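Data file: coords.txt. Format and content: compact mmCIF, C-alpha atoms.
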```txt
# COMPACT_ATOMS: atom_id res chain seq x y z
CA MET A 1 101.57 58.45 146.83
CA ASP A 2 99.65 55.38 148.02
CA LYS A 3 97.62 53.22 145.62
CA PRO A 4 94.11 54.31 146.80
CA GLN A 5 94.99 57.97 146.34
CA ALA A 6 96.56 57.33 142.93
CA HIS A 7 93.49 55.36 141.86
CA TRP A 8 91.21 58.17 143.03
CA GLN A 9 93.18 60.77 141.08
CA ASP A 10 93.16 58.64 137.92
CA SER A 11 89.39 58.16 138.24
CA PHE A 12 88.86 61.90 138.76
CA HIS A 13 91.00 62.81 135.74
CA GLN A 14 89.15 60.30 133.58
CA TRP A 15 85.79 61.68 134.73
CA ALA A 16 86.96 65.25 134.03
CA ARG A 17 88.11 64.30 130.53
CA HIS A 18 84.82 62.64 129.74
CA LEU A 19 82.85 65.58 131.11
CA ALA A 20 84.89 68.09 129.10
CA SER A 21 84.47 65.97 125.97
CA ASP A 22 80.69 65.74 126.44
CA VAL A 23 80.39 69.51 127.06
CA ASP A 24 82.47 70.25 123.97
CA ASP A 25 80.32 67.90 121.85
CA ALA A 26 77.13 69.51 123.15
CA PHE A 27 78.47 73.01 122.43
CA ASP A 28 79.50 72.10 118.87
CA ALA A 29 76.15 70.40 118.20
CA GLY A 30 74.26 73.43 119.51
CA LEU A 31 76.33 75.78 117.36
CA ARG A 32 75.62 73.69 114.25
CA LYS A 33 71.86 73.75 115.00
CA LEU A 34 71.90 77.53 115.36
CA ARG A 35 73.71 77.96 112.04
CA LYS A 36 71.25 75.64 110.31
CA ARG A 37 68.22 77.40 111.86
CA TYR A 38 69.37 80.82 110.70
CA GLY A 39 70.37 79.63 107.26
CA LYS A 40 74.13 79.98 107.73
CA PRO A 41 75.42 76.42 108.11
CA GLY A 42 78.65 77.18 106.21
CA THR A 43 80.29 75.23 103.43
CA PRO A 44 82.28 72.09 104.36
CA GLN A 45 85.71 72.22 102.78
CA LEU A 46 88.57 69.74 102.71
CA TYR A 47 91.93 70.83 104.11
CA PRO A 48 94.45 68.06 103.31
CA TYR A 49 97.78 67.39 104.99
CA VAL A 50 100.86 66.02 103.20
CA GLY A 51 100.69 62.22 103.13
CA HIS A 52 103.19 59.43 102.62
CA ALA A 53 103.24 56.10 100.81
CA THR A 54 104.55 52.76 102.07
CA ARG A 55 104.87 49.53 100.11
CA GLN A 56 101.37 48.48 101.12
CA SER A 57 99.31 51.68 101.20
CA ILE A 58 99.17 55.44 100.82
CA HIS A 59 98.44 57.27 104.08
CA LEU A 60 96.40 60.45 103.70
CA SER A 61 94.80 62.73 106.26
CA GLY A 62 93.29 66.15 106.77
CA ARG A 63 90.30 67.96 108.24
CA VAL A 64 86.85 68.97 107.12
CA LEU A 65 86.34 72.61 108.10
CA ARG A 66 83.92 75.40 107.36
CA ASN A 67 86.68 77.95 107.89
CA PRO A 68 89.90 76.48 106.43
CA PRO A 69 93.07 78.60 106.59
CA LEU A 70 93.16 81.57 104.21
CA ASP A 71 96.04 82.33 101.89
CA PRO A 72 98.03 85.03 103.71
CA ASP A 73 99.43 88.21 102.19
CA PHE A 74 102.89 87.97 103.72
CA ARG A 75 104.11 91.38 102.57
CA ASN A 76 101.06 93.44 103.46
CA ASP A 77 99.60 91.68 106.50
CA ARG A 78 100.20 93.53 109.77
CA TRP A 79 100.23 92.20 113.33
CA TRP A 80 96.47 92.54 113.67
CA ASP A 81 95.95 90.52 110.45
CA ASN A 82 98.29 87.85 111.84
CA MET A 83 96.37 87.85 115.12
CA LEU A 84 93.05 87.37 113.33
CA ASP A 85 94.57 84.51 111.31
CA ALA A 86 95.82 82.91 114.55
CA VAL A 87 92.39 83.20 116.17
CA ARG A 88 90.83 81.68 113.06
CA ARG A 89 93.23 78.74 113.23
CA PHE A 90 92.39 77.89 116.82
CA ALA A 91 88.66 78.67 116.49
CA SER A 92 88.36 75.99 113.83
CA ASP A 93 84.81 75.21 112.68
CA GLU A 94 85.12 71.46 112.15
CA VAL A 95 82.53 69.30 110.40
CA PRO A 96 82.02 65.75 111.75
CA GLY A 97 80.38 62.82 109.99
CA VAL A 98 81.50 63.75 106.47
CA ILE A 99 82.42 60.91 104.10
CA VAL A 100 85.71 61.64 102.34
CA ARG A 101 86.84 59.61 99.32
CA ALA A 102 90.45 59.47 98.14
CA SER A 103 91.43 58.36 94.64
CA VAL A 104 94.93 57.38 93.50
CA GLY A 105 95.02 55.90 90.02
CA ASP A 106 92.44 53.11 89.92
CA GLN A 107 92.22 52.73 93.71
CA ASP A 108 89.82 54.40 96.16
CA ALA A 109 89.41 54.57 99.92
CA ARG A 110 86.79 56.18 102.15
CA ALA A 111 86.74 57.51 105.69
CA THR A 112 84.38 59.56 107.86
CA SER A 113 85.51 62.73 109.64
CA ASP A 114 85.49 62.43 113.43
CA ARG A 115 84.06 64.86 115.98
CA GLU A 116 86.97 67.27 115.46
CA GLY A 117 86.74 67.04 111.67
CA TYR A 118 89.84 64.86 111.23
CA PHE A 119 89.91 62.08 108.66
CA HIS A 120 92.52 59.40 107.97
CA LEU A 121 92.61 57.24 104.83
CA GLU A 122 94.71 54.35 103.59
CA VAL A 123 94.61 53.75 99.85
CA PRO A 124 95.89 50.24 99.02
CA ARG A 125 98.84 50.06 96.64
CA VAL A 126 97.50 47.57 94.14
CA GLY A 127 96.83 47.90 90.45
CA GLU A 128 98.32 51.04 88.88
CA SER A 129 99.79 52.33 92.15
CA ALA A 130 101.56 49.06 93.00
CA GLY A 131 104.56 49.88 90.84
CA PRO A 132 107.16 52.63 91.18
CA ILE A 133 105.73 56.10 91.72
CA PRO A 134 107.49 59.49 91.81
CA TYR A 135 108.89 60.95 95.03
CA TRP A 136 106.02 63.47 94.94
CA SER A 137 102.59 62.34 93.77
CA SER A 138 99.04 63.38 94.58
CA ALA A 139 95.66 61.95 95.41
CA VAL A 140 92.25 63.48 94.71
CA LEU A 141 89.96 63.97 97.71
CA ARG A 142 86.19 64.43 97.44
CA ILE A 143 83.29 64.83 99.80
CA GLU A 144 80.62 62.20 99.21
CA GLY A 145 76.97 61.81 100.09
CA SER A 146 76.09 65.49 100.33
CA GLY A 147 73.14 67.06 98.58
CA ASN A 148 74.58 70.52 99.19
CA SER A 149 75.64 71.92 95.83
CA ASP A 150 77.79 74.51 97.63
CA VAL A 151 80.25 71.87 98.87
CA VAL A 152 83.74 72.75 97.62
CA SER A 153 85.26 69.57 96.22
CA PRO A 154 87.51 67.97 95.01
CA VAL A 155 90.99 68.94 96.23
CA VAL A 156 94.48 67.63 95.58
CA CYS A 157 96.40 65.98 98.43
CA PRO A 158 100.18 65.59 97.87
CA PHE A 159 102.02 62.59 99.24
CA LEU A 160 105.62 61.42 99.42
CA ALA A 161 106.86 58.06 98.13
CA VAL A 162 110.31 56.85 99.20
CA PRO A 163 112.49 55.83 96.21
CA PRO A 164 114.55 52.62 96.21
CA SER A 165 117.72 54.76 96.18
CA ALA A 166 117.01 56.23 99.64
CA ARG A 167 119.83 55.52 102.12
CA PHE A 168 118.05 56.79 105.22
CA ALA A 169 115.01 58.68 106.46
CA VAL A 170 115.08 61.83 108.60
CA VAL A 171 112.75 62.62 111.48
CA SER A 172 113.16 66.24 112.52
CA ASP A 173 111.62 68.31 115.24
CA VAL A 174 110.45 71.80 114.23
CA ASP A 175 110.45 74.18 117.20
CA ASP A 176 113.97 75.54 117.83
CA THR A 177 115.35 72.86 115.52
CA ILE A 178 114.62 74.43 112.14
CA LEU A 179 112.98 77.69 113.22
CA HIS A 180 113.19 80.06 116.15
CA THR A 181 110.11 79.62 118.33
CA GLY A 182 111.34 80.42 121.81
CA ALA A 183 109.80 77.16 123.00
CA THR A 184 111.65 77.53 126.29
CA SER A 185 109.96 80.91 126.83
CA LEU A 186 106.17 80.92 126.95
CA MET A 187 105.88 84.66 126.26
CA THR A 188 108.21 84.55 123.25
CA MET A 189 106.43 81.55 121.78
CA ALA A 190 102.99 83.17 122.27
CA LYS A 191 104.17 86.38 120.60
CA LEU A 192 105.48 84.53 117.55
CA THR A 193 102.36 82.36 117.31
CA PHE A 194 99.73 85.08 117.58
CA PHE A 195 101.40 88.16 116.09
CA GLY A 196 103.67 86.73 113.40
CA ASN A 197 103.24 84.83 110.16
CA ALA A 198 105.29 82.36 108.12
CA ARG A 199 107.41 85.18 106.68
CA THR A 200 108.26 86.75 110.03
CA ARG A 201 109.37 83.42 111.52
CA ALA A 202 113.14 83.08 111.33
CA PRO A 203 114.83 79.82 110.27
CA LEU A 204 117.97 78.74 112.07
CA ASP A 205 121.19 79.56 110.24
CA GLY A 206 122.11 77.18 107.42
CA VAL A 207 119.10 74.93 107.96
CA ALA A 208 117.76 75.16 104.39
CA GLU A 209 121.05 74.11 102.78
CA PHE A 210 121.67 71.40 105.40
CA TYR A 211 118.23 69.82 104.91
CA GLN A 212 118.46 70.12 101.13
CA ARG A 213 121.70 68.15 101.28
CA LEU A 214 120.13 65.57 103.55
CA GLN A 215 117.20 65.10 101.18
CA ALA A 216 119.36 64.98 98.04
CA ASP A 217 121.90 62.66 99.67
CA GLY A 218 124.52 65.41 99.40
CA GLU A 219 124.27 65.86 95.65
CA LEU A 220 122.70 69.04 94.24
CA ASP A 221 123.70 69.50 90.61
CA GLY A 222 124.59 73.03 89.56
CA ARG A 223 124.97 74.39 93.09
CA GLU A 224 128.75 74.12 93.08
CA SER A 225 128.90 76.49 90.09
CA GLY A 226 126.67 79.04 91.74
CA ASP A 227 123.42 78.00 90.06
CA ASP A 228 120.50 78.12 92.48
CA GLY A 229 118.51 75.51 90.58
CA LEU A 230 117.92 72.18 92.29
CA ASP A 231 118.35 69.67 89.49
CA ASN A 232 118.43 66.46 91.49
CA ASP A 233 115.33 64.54 92.38
CA PRO A 234 114.78 64.06 96.14
CA VAL A 235 116.24 60.86 97.54
CA ASN A 236 115.97 60.64 101.33
CA PRO A 237 112.57 61.42 102.89
CA ILE A 238 112.25 64.05 105.63
CA PHE A 239 109.41 63.92 108.13
CA TYR A 240 108.72 66.76 110.55
CA VAL A 241 107.31 66.02 114.00
CA SER A 242 106.24 68.68 116.46
CA SER A 243 104.28 69.29 119.64
CA SER A 244 102.57 72.16 117.82
CA PRO A 245 98.88 71.46 117.09
CA TRP A 246 97.49 70.64 113.66
CA ASN A 247 95.91 74.12 113.71
CA LEU A 248 99.36 75.49 112.79
CA HIS A 249 99.83 73.20 109.79
CA ASP A 250 99.34 75.94 107.19
CA LEU A 251 101.76 78.30 108.96
CA LEU A 252 104.50 75.65 109.21
CA SER A 253 103.94 74.46 105.64
CA ASP A 254 104.24 78.04 104.35
CA PHE A 255 107.37 78.52 106.48
CA LEU A 256 109.09 75.53 104.84
CA GLU A 257 108.23 76.78 101.35
CA LEU A 258 109.21 80.42 101.96
CA ASN A 259 112.61 79.42 103.35
CA SER A 260 113.44 76.73 100.76
CA ILE A 261 113.46 74.02 103.41
CA PRO A 262 112.53 70.68 101.81
CA ALA A 263 108.88 69.81 102.02
CA GLY A 264 107.78 66.73 103.91
CA PRO A 265 104.85 65.39 105.91
CA LEU A 266 104.19 67.50 109.01
CA LEU A 267 103.13 65.24 111.87
CA LEU A 268 101.64 67.48 114.53
CA ARG A 269 99.62 67.12 117.72
CA ASP A 270 95.89 66.59 117.96
CA LEU A 271 94.29 69.53 119.71
CA GLY A 272 90.88 68.85 121.18
CA ILE A 273 89.08 67.55 124.21
CA ASP A 274 87.52 64.50 122.63
CA ARG A 275 87.89 61.40 124.78
CA ASP A 276 90.36 59.94 122.28
CA LYS A 277 92.38 63.17 121.92
CA PHE A 278 92.42 64.69 125.38
CA ILE A 279 95.40 62.67 126.56
CA LYS A 280 97.36 63.07 123.32
CA SER A 281 99.34 65.99 124.60
CA GLY A 282 102.88 66.82 125.55
CA HIS A 283 106.01 65.73 123.77
CA ASP A 284 105.72 61.94 124.01
CA GLN A 285 103.45 61.85 120.96
CA LYS A 286 106.55 62.69 118.87
CA LYS A 287 108.05 59.36 119.92
CA VAL A 288 104.86 57.55 118.90
CA LYS A 289 104.94 59.17 115.46
CA ALA A 290 108.65 58.42 114.95
CA LEU A 291 108.14 54.76 115.87
CA ARG A 292 105.20 54.56 113.49
CA LEU A 293 107.38 55.84 110.65
CA MET A 294 110.08 53.31 111.51
CA HIS A 295 107.41 50.62 111.29
CA ASP A 296 106.24 51.98 107.93
CA TYR A 297 109.78 51.88 106.49
CA PRO A 298 111.42 48.81 108.07
CA ASP A 299 114.38 48.72 105.67
CA LEU A 300 115.59 52.27 106.27
CA PRO A 301 117.89 53.55 109.01
CA PHE A 302 116.79 56.84 110.59
CA ILE A 303 118.51 60.08 111.50
CA LEU A 304 116.73 61.84 114.38
CA ILE A 305 117.12 65.61 114.79
CA GLY A 306 115.85 67.73 117.68
CA ASP A 307 116.87 70.35 120.22
CA SER A 308 118.00 70.40 123.84
CA GLY A 309 115.29 72.78 125.07
CA GLN A 310 112.50 70.23 125.47
CA GLU A 311 112.31 66.44 125.59
CA ASP A 312 113.80 65.43 122.24
CA ALA A 313 117.01 63.94 123.65
CA ARG A 314 115.07 61.78 126.11
CA LEU A 315 112.56 60.62 123.50
CA TYR A 316 115.24 59.82 120.93
CA ALA A 317 117.34 57.98 123.52
CA GLU A 318 114.28 55.86 124.35
CA ILE A 319 113.81 55.08 120.64
CA ALA A 320 117.48 54.12 120.37
CA ALA A 321 117.14 51.82 123.38
CA GLU A 322 114.21 50.04 121.73
CA HIS A 323 115.67 49.91 118.19
CA PRO A 324 119.43 50.57 118.35
CA LYS A 325 120.17 49.05 114.94
CA ARG A 326 117.66 51.33 113.20
CA ILE A 327 119.17 54.65 114.32
CA ALA A 328 122.07 55.92 112.20
CA ALA A 329 122.62 59.13 114.20
CA ILE A 330 120.92 61.52 116.62
CA LEU A 331 121.58 65.26 116.38
CA ILE A 332 120.43 67.53 119.21
CA ARG A 333 120.73 71.26 118.55
CA ASP A 334 122.03 73.15 121.59
CA VAL A 335 119.52 75.92 122.39
CA ASP A 336 122.11 77.79 124.48
CA PRO A 337 125.52 76.95 122.96
CA GLU A 338 127.28 79.85 124.65
CA THR A 339 126.58 78.62 128.19
CA ILE A 340 126.65 75.40 130.20
CA SER A 341 123.13 74.90 131.48
CA HIS A 342 120.90 72.20 132.94
CA HIS A 343 120.05 71.23 129.35
CA ASP A 344 123.67 70.21 128.80
CA GLN A 345 123.76 68.22 132.03
CA LYS A 346 120.74 66.19 130.95
CA MET A 347 122.29 65.69 127.53
CA ASP A 348 125.44 64.12 128.98
CA ALA A 349 123.44 61.24 130.43
CA TYR A 350 121.57 60.59 127.16
CA VAL A 351 124.79 60.74 125.13
CA ARG A 352 126.39 58.12 127.40
CA GLN A 353 123.27 55.96 127.23
CA CYS A 354 123.27 56.01 123.43
CA ASP A 355 127.02 55.43 123.26
CA GLU A 356 126.57 52.21 125.23
CA LEU A 357 124.03 51.13 122.60
CA GLY A 358 126.37 51.95 119.74
CA VAL A 359 124.16 54.83 118.58
CA PRO A 360 125.96 58.16 117.99
CA MET A 361 124.20 61.11 119.68
CA TYR A 362 125.70 64.57 119.28
CA LEU A 363 124.99 67.92 120.90
CA ILE A 364 125.52 70.30 117.97
CA LYS A 365 126.07 74.06 117.87
CA ASP A 366 124.83 74.79 114.35
CA SER A 367 124.27 73.39 110.85
CA ILE A 368 128.01 73.30 110.16
CA ASP A 369 128.65 71.20 113.25
CA ALA A 370 125.76 68.90 112.28
CA ALA A 371 127.18 68.42 108.78
CA ARG A 372 130.63 67.56 110.13
CA ARG A 373 129.17 64.94 112.43
CA LEU A 374 127.26 63.28 109.60
CA ILE A 375 130.29 63.42 107.30
CA ASP A 376 132.30 61.59 109.98
CA GLN A 377 129.58 58.94 110.06
CA GLY A 378 129.56 58.59 106.25
CA LEU A 379 126.01 59.93 106.07
CA MET A 380 126.79 63.13 104.12
CA SER A 381 129.28 63.90 101.35
CA LYS A 382 132.35 65.99 102.15
CA GLN A 383 131.47 68.28 99.24
CA SER A 384 128.36 69.39 101.14
CA LEU A 385 130.29 71.07 103.94
CA SER A 386 131.56 74.11 102.01
CA ARG A 387 128.06 74.94 100.75
CA ILE A 388 126.60 74.62 104.24
CA GLU A 389 129.35 76.86 105.63
CA VAL A 390 128.59 79.53 103.01
CA ALA A 391 124.83 79.29 103.62
CA THR A 392 125.26 79.50 107.40
CA ALA A 393 127.46 82.59 107.15
CA ARG A 394 124.96 84.21 104.78
CA ASP A 395 122.04 83.47 107.10
CA ARG A 396 123.92 84.86 110.10
CA GLN A 397 124.53 88.08 108.23
CA ARG A 398 120.86 88.33 107.28
CA SER A 399 119.64 87.58 110.80
CA SER A 400 121.74 90.46 112.14
CA MET A 401 119.90 92.91 109.88
CA PRO A 402 116.56 94.48 110.97
CA PHE A 403 113.50 92.80 109.51
CA GLN A 404 111.85 94.72 106.66
CA PRO A 405 108.13 93.85 106.23
```
What's the structure tokens form of this structure?
Amino acid sequence: MDKPQAHWQDSFHQWARHLASDVDDAFDAGLRKLRKRYGKPGTPQLYPYVGHATRQSIHLSGRVLRNPPLDPDFRNDRWWDNMLDAVRRFASDEVPGVIVRASVGDQDARATSDREGYFHLEVPRVGESAGPIPYWSSAVLRIEGSGNSDVVSPVVCPFLAVPPSARFAVVSDVDDTILHTGATSLMTMAKLTFFGNARTRAPLDGVAEFYQRLQADGELDGRESGDDGLDNDPVNPIFYVSSSPWNLHDLLSDFLELNSIPAGPLLLRDLGIDRDKFIKSGHDQKKVKALRLMHDYPDLPFILIGDSGQEDARLYAEIAAEHPKRIAAILIRDVDPETISHHDQKMDAYVRQCDELGVPMYLIKDSIDAARRLIDQGLMSKQSLSRIEVATARDRQRSSMPFQP
């Protein structure tokens, strides 16, 4: 493609993005005027995401919506209820221009929701919050400057603080890495998204036990004797990155909780046609988020976990090339372990590339294989393996049984 043609295409795409953004803004503004005229403007509500704390500040985010996600009834909801919930998620009624205040101890911060209702806050860690804080803490979020007495506020926003005892941080993909999504099949993924809920989504075998061991640095008191209680405090932080849009945050958060997979900040993809969001699509945004976390925690090595079905291996190899000393290991779950496919051929090149950098990258079959690789690298205790083997076998037996709603 010659330069004039490439320049013309770039100009056309930029014009199309701007036009789509302007049309979307006009539509949203018109809808808000109609609601106000007919006395049904709706109640702005805060929907917070899980945040994280660094040495300097506490990062919090969320959306202001008139129709935040509803609490699902996992046992009684049918496919049509799930479909209505999915439509509600993607037909989000965002509220721009709302001032949100966050309070942590004696410190405050304010931000204004953007055109898609998103807000991002950084509360400085000075005063009471400058010292040690628990692995899980919470901020209080409020809507300010509104004369509407119907505004629902305040809400609690949880955030993660990395303890000094942490040995590493984990960045994990979600789709086909911890749960079955069929990301390589558009029809399968659409079916799961629009007709299922957090309870009908299936975790990959042994994932809960494997991630619990990662978070607890291999030590879970009482588990060896058969006790299901988790007595240890979390040690190593786990961050989840995904190409799924923020609209699915509640579904993914519920999925983690229902399946006893350790909670952590979910870093998803902006979905919108604003001028500053339109190009934030595809898988490369996962690399941006991982690099941002590495910047936030400069003293921690990172374990990167993904799958071979999309672009995780390429993105993680690029991160390793830029920061080889910061990557302790890369685990890529094989989406088709029973066959040799084009995914495996691409993986070979990335494995060799990382090997030249001194960064171990492994194509893994399951949670047991992943645990063995990390044990070899000194990143997981040998005692963890037997528990992960038992959990994986149990999950395989369960997954072979028909689902009972």
- Query: Contacts of segment 260-264 of chain A at 8 Å or less, counting all atoms listed in the file, minus same-chain residues fewer than 5 places along, as a list in words?
  - Reply: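 My list of contacting residues is Val50, Leu160, Val207, Ala208, Glu209, Tyr211, Gln212, Gln215, Pro237, Ile238, Phe239, Tyr240 and Ser253 of chain A.
Proximity of A:Leu46, A:Leu357, A:Leu256, A:Leu374 to His323 of chain A, computed with all atoms listed in the file, is greatest for A:Leu357.
Note that the spacing between atom CA of Asp114 of chain A and atom CA of Pro96 of chain A amounts to 5.1 Å.
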- Using all atoms listed in the file, what residues lie at most 12 Å away from (90.2, 69.2, 97.0) (file coordinates), given as a ChimeraX atom specification? /A:44-49,62-64,68,100-103,138-143,151-158
- Spatial neighbours of Tyr362 of chain A, max dist 10 Å, all atoms listed in the file, sep filter under 6 positions, as a VMD selection string: chain A and resid 305 313 329 to 334 347 to 348 350 to 351 354 369 to 370 373 to 374
Could the residues in this selection be saved with C-alpha atoms as a compact mmCIF listing (two decimals), in the frame of the given file?
```txt
# COMPACT_ATOMS: atom_id res chain seq x y z
CA ILE A 305 117.12 65.61 114.79
CA ALA A 313 117.01 63.94 123.65
CA ALA A 329 122.62 59.13 114.20
CA ILE A 330 120.92 61.52 116.62
CA LEU A 331 121.58 65.26 116.38
CA ILE A 332 120.43 67.53 119.21
CA ARG A 333 120.73 71.26 118.55
CA ASP A 334 122.03 73.15 121.59
CA MET A 347 122.29 65.69 127.53
CA ASP A 348 125.44 64.12 128.98
CA TYR A 350 121.57 60.59 127.16
CA VAL A 351 124.79 60.74 125.13
CA CYS A 354 123.27 56.01 123.43
CA ASP A 369 128.65 71.20 113.25
CA ALA A 370 125.76 68.90 112.28
CA ARG A 373 129.17 64.94 112.43
CA LEU A 374 127.26 63.28 109.60
```
Please tell me which residues are no farther than 7 Å from (103.0, 69.7, 116.3) in the file, counting all atoms listed in the file, and write them as a short mmCIF file (atom, residue, chain, number, x, y, z; two decimals) with C-alpha atoms, in the frame of the given file.
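Resulting contents of result.cif:
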```
data_model
loop_
_atom_site.label_atom_id
_atom_site.label_comp_id
_atom_site.auth_asym_id
_atom_site.auth_seq_id
_atom_site.Cartn_x
_atom_site.Cartn_y
_atom_site.Cartn_z
CA VAL A 241 107.31 66.02 114.00
CA SER A 242 106.24 68.68 116.46
CA SER A 243 104.28 69.29 119.64
CA SER A 244 102.57 72.16 117.82
CA PRO A 245 98.88 71.46 117.09
CA TRP A 246 97.49 70.64 113.66
CA LEU A 267 103.13 65.24 111.87
CA LEU A 268 101.64 67.48 114.53
CA ARG A 269 99.62 67.12 117.72
#
```
- Message: Rounded to one decimal, what separation in Å do you get between atom CA of Leu214 of chain A and atom CA of Lys289 of chain A?
- Response: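 Computing the Euclidean distance for atom CA of Leu214 of chain A and atom CA of Lys289 of chain A yields 20.3 Å.
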- Message: My list of candidates is A:Ile327, A:Leu248, A:Leu65, A:Val126. Which is closest to Gly97 of chain A when distances are computed with all atoms listed in the file?
- Response: A:Leu65
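Proximity ranking of A:Pro337, A:Gly378, A:Pro360, A:Pro265 relative to His59 of chain A places A:Pro265 first, based on all atoms listed in the file.
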- Item | Distance criterion (all atoms listed in the file): nearest to Arg396 of chain A out of A:Asp205, A:Glu322, A:Glu311, A:Glu144 |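 Using all atoms listed in the file, the shortest distance to Arg396 of chain A belongs to A:Asp205.
Nearest residue to Pro324 of chain A, choosing from A:Asp173, A:Glu356, A:Asp299, A:Glu116 and counting all atoms listed in the file: A:Glu356.
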- Among the residues A:Asn236, A:Val359, A:Leu252, A:Gly218, the one that comes closest to Ser386 of chain A [using only C-alpha atoms]: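 That would be A:Gly218, the residue with the smallest distance to Ser386 of chain A.
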- Item | Interatomic distance, atom CA of Leu379 of chain A to atom CA of Ser367 of chain A (Å, one decimal) |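 Atom CA of Ser367 of chain A lies at a distance of 14.4 Å from atom CA of Leu379 of chain A.
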